[in-house]
Amino acid sequence: MKQFISLFFPSLGSFRKIVSEIPKTSISRVRFIDFLKVTGLMLIIFNTSFFLDFKQSSGEFIIYNRTLLDNSLTPITWITAGMALFFFSTGFTNKIAWYSNVGRDGSQWKFLSDRVNGLMGSVLVWVFFITLSLNVISKLVFFPLFITNQEDGIITVTEFIMWPLWLVSIYLVVVLFCPLTIYFHKKNPYLTLSFLIFSLVLIDNIELSISLSYIKLFNYLIFWLTIHQLGYFLADGKIFSYRKSLFAAISFVAYSYLGYLHITTDQFLSVTNYRLLSLTNEDPPTTVYLISSVGLLSLILFFRSQLENLLTNRLVWSIFSIIHANIYTLFLWHIALFFFMSYFNVQLIYYPLIVFLIVFLFGNYERKTFRLSRELIKRVNPLQPWPTPIKARLSYSNFLLAWISSILVLIGIFQITLGGVGLSGFFSLRQLYIFSGNTFEAFTRIVLGLILLNVTIRRKDLKNQLLIIGITSQIITLGVRIQLYDIVTPLELYMSIFLISFFLILIFNNRNYKSMA
């Protein structure tokens, strides 16, 4: 309980800890990767401030993307594609973390819990306070539930403010696929990368009927796995075998091609959208987005030596370390901050002060490591639940439980991303592509997924009780849905039946689990 309460209170001690640890940074730490991560997310924040514009007209709150009004701004988006830098860096860190984990007799669930927990602390705090603030403000003052985009379309305020969770959702997806993509990279890295790129370009360029348009949604997965896969080449050192001139040539060709399209065609080439327009290169990702991302990555790699030398400067590294310690908090809050400042006409001069207050108030848990109570979690030497180059006993039930728990977190985050913070009611039903859901179900899935991922495999004595709680939660969500709407979609019904059956099987069959005090 004490740890839960401290989650929502600021701490000067966490600031002092970060500052004191900067001079102690390990000489083996790859500062270039931290640079990519910080730069990538800071570029996304820059895009929000630079490319988006709000106007209030005749009672409407209208949001603009300036690249649609001024086509000359489009080339700037090609060098500010920050999400590509971020996922390239996570490809590096996830591959290192995977082999480091299994090398210490770790496991797939341990890898997943570490990767998920590293981000979920700041996400949970952000979701809690955004939910609270939006619901309170909407009751106290006039507050728009919807905003109008340039195409006279209507989007919910919550969907716009929750846009940063798209990155969280994509991150969870690439983490879930890490063991598989790492395996293929080890077997044949160039063939794997070529297959991903070919698949993306093929899906993007084939003409599909309306009934088959859903196929293009596969590029969400393929594109980010491709960028993530490129990070593996840096992790295993293959990139270091290429001359810098190759990166210069790739960047030149990529930007030259985009520049040629910009001059000779009317094709929409901006890669900064925020889900505001039907014209988009991000939803789902297109070949244009891939070319701009590869061009930016090649440009950064061309200047890698200079950037690494710059990061050896103590002042520069101190600044990057402080930003790095709060980067998820800055990223998650930047659109909400931009929206509220625009809506309430707050002067720009107050922006640095507000950013500092946000970091101080809500960044505390990012500067620590998110863990559940130590009373619930024990240190264990688990069985290996995934085939790896390191021999270990397999536990397929552990593997499935870890994967399914992470998927529950992913679906919950996905539901919240599309406006699920209870502003129109915690039980209001929304259509989420092939899913339907509400805020109640989203929060239930996130909490259940985190508990199952962190506790069940570590604590054999609590596993059955927690699995029973999981079964109960599925029955309750189904009951609430039927009571309120008298209908459950086949997909939701099948998913609930599968989860209940799976949890029951684990309760009666736990011989593959092993725990240590």
# chains A, B, ... in the order shown; residues from 1 in each chain; ligands from 1
>>> residues_around(residues="Asn273 of chain A", least_positions_apart="3", cutoff="12 Å", atoms="only C-alpha atoms", output="count of residues only")
32
>>> closest_atom_pairs(of="segment 68-118 of chain A", to="segment 212-225 of chain A", cutoff="12 Å", atoms="only C-alpha atoms", output="Markdown table")
| residue | atom | partner | partner_atom | distance |
| --- | --- | --- | --- | --- |
| A:Met83 | CA | A:Trp224 | CA | 9.4 |
| A:Ala84 | CA | A:Trp224 | CA | 8.1 |
| A:Leu85 | CA | A:Trp224 | CA | 11.1 |
| A:Phe86 | CA | A:Trp224 | CA | 10.5 |
| A:Phe87 | CA | A:Trp224 | CA | 7.3 |
| A:Phe88 | CA | A:Trp224 | CA | 9.0 |
| A:Thr90 | CA | A:Trp224 | CA | 10.8 |
| A:Gly91 | CA | A:Leu225 | CA | 8.8 |
>>> write_last_selection(atoms="N, CA, C and O atoms", output="short mmCIF file (atom, residue, chain, number, x, y, z; two decimals), in the first residue's frame")
data_model
loop_
_atom_site.label_atom_id
_atom_site.label_comp_id
_atom_site.auth_asym_id
_atom_site.auth_seq_id
_atom_site.Cartn_x
_atom_site.Cartn_y
_atom_site.Cartn_z
N MET A 83 9.50 8.83 -34.24
CA MET A 83 9.14 7.48 -33.83
C MET A 83 10.06 6.44 -34.44
O MET A 83 10.31 5.39 -33.85
N ALA A 84 10.57 6.73 -35.64
CA ALA A 84 11.51 5.79 -36.27
C ALA A 84 12.79 5.70 -35.45
O ALA A 84 13.33 4.59 -35.25
N LEU A 85 13.30 6.83 -34.98
CA LEU A 85 14.50 6.81 -34.14
C LEU A 85 14.24 6.05 -32.85
O LEU A 85 15.09 5.27 -32.40
N PHE A 86 13.07 6.27 -32.27
CA PHE A 86 12.76 5.60 -31.00
C PHE A 86 12.72 4.09 -31.17
O PHE A 86 13.32 3.35 -30.38
N PHE A 87 12.04 3.60 -32.19
CA PHE A 87 11.91 2.15 -32.35
C PHE A 87 13.19 1.51 -32.87
O PHE A 87 13.44 0.32 -32.62
N PHE A 88 14.01 2.26 -33.56
CA PHE A 88 15.33 1.77 -33.92
C PHE A 88 16.16 1.54 -32.66
O PHE A 88 16.84 0.52 -32.51
N THR A 90 14.97 1.02 -29.62
CA THR A 90 14.42 -0.09 -28.84
C THR A 90 14.77 -1.44 -29.45
O THR A 90 14.86 -2.45 -28.73
N GLY A 91 14.97 -1.50 -30.77
CA GLY A 91 15.45 -2.73 -31.39
C GLY A 91 16.79 -3.12 -30.81
O GLY A 91 17.04 -4.31 -30.51
#
>>> closest_residue(among="A:Asn71, A:Thr80, A:Asn509, A:Ser89", to="Tyr171 of chain A", atoms="only C-alpha atoms")
A:Ser89
>>> atom_distance(atom1="atom CA of Lys463 of chain A", atom2="atom CA of Phe503 of chain A")
10.1 Å
>>> closest_residue(among="A:Ile250, A:Asp152, A:Gln229, A:Ile475", to="Phe184 of chain A", atoms="only C-alpha atoms")
A:Gln229
>>> closest_atom_pairs(of="segment 75-184 of chain A", to="segment 342-351 of chain A", cutoff="12 Å", atoms="only C-alpha atoms", output="CSV")
residue,atom,partner,partner_atom,distance
A:Ile137,CA,A:Phe344,CA,11.9
A:Val141,CA,A:Phe344,CA,11.0
A:Phe142,CA,A:Tyr343,CA,10.8
A:Phe143,CA,A:Tyr343,CA,9.0
A:Pro144,CA,A:Tyr343,CA,9.5
A:Ile147,CA,A:Tyr343,CA,11.1
A:Val157,CA,A:Tyr343,CA,11.4
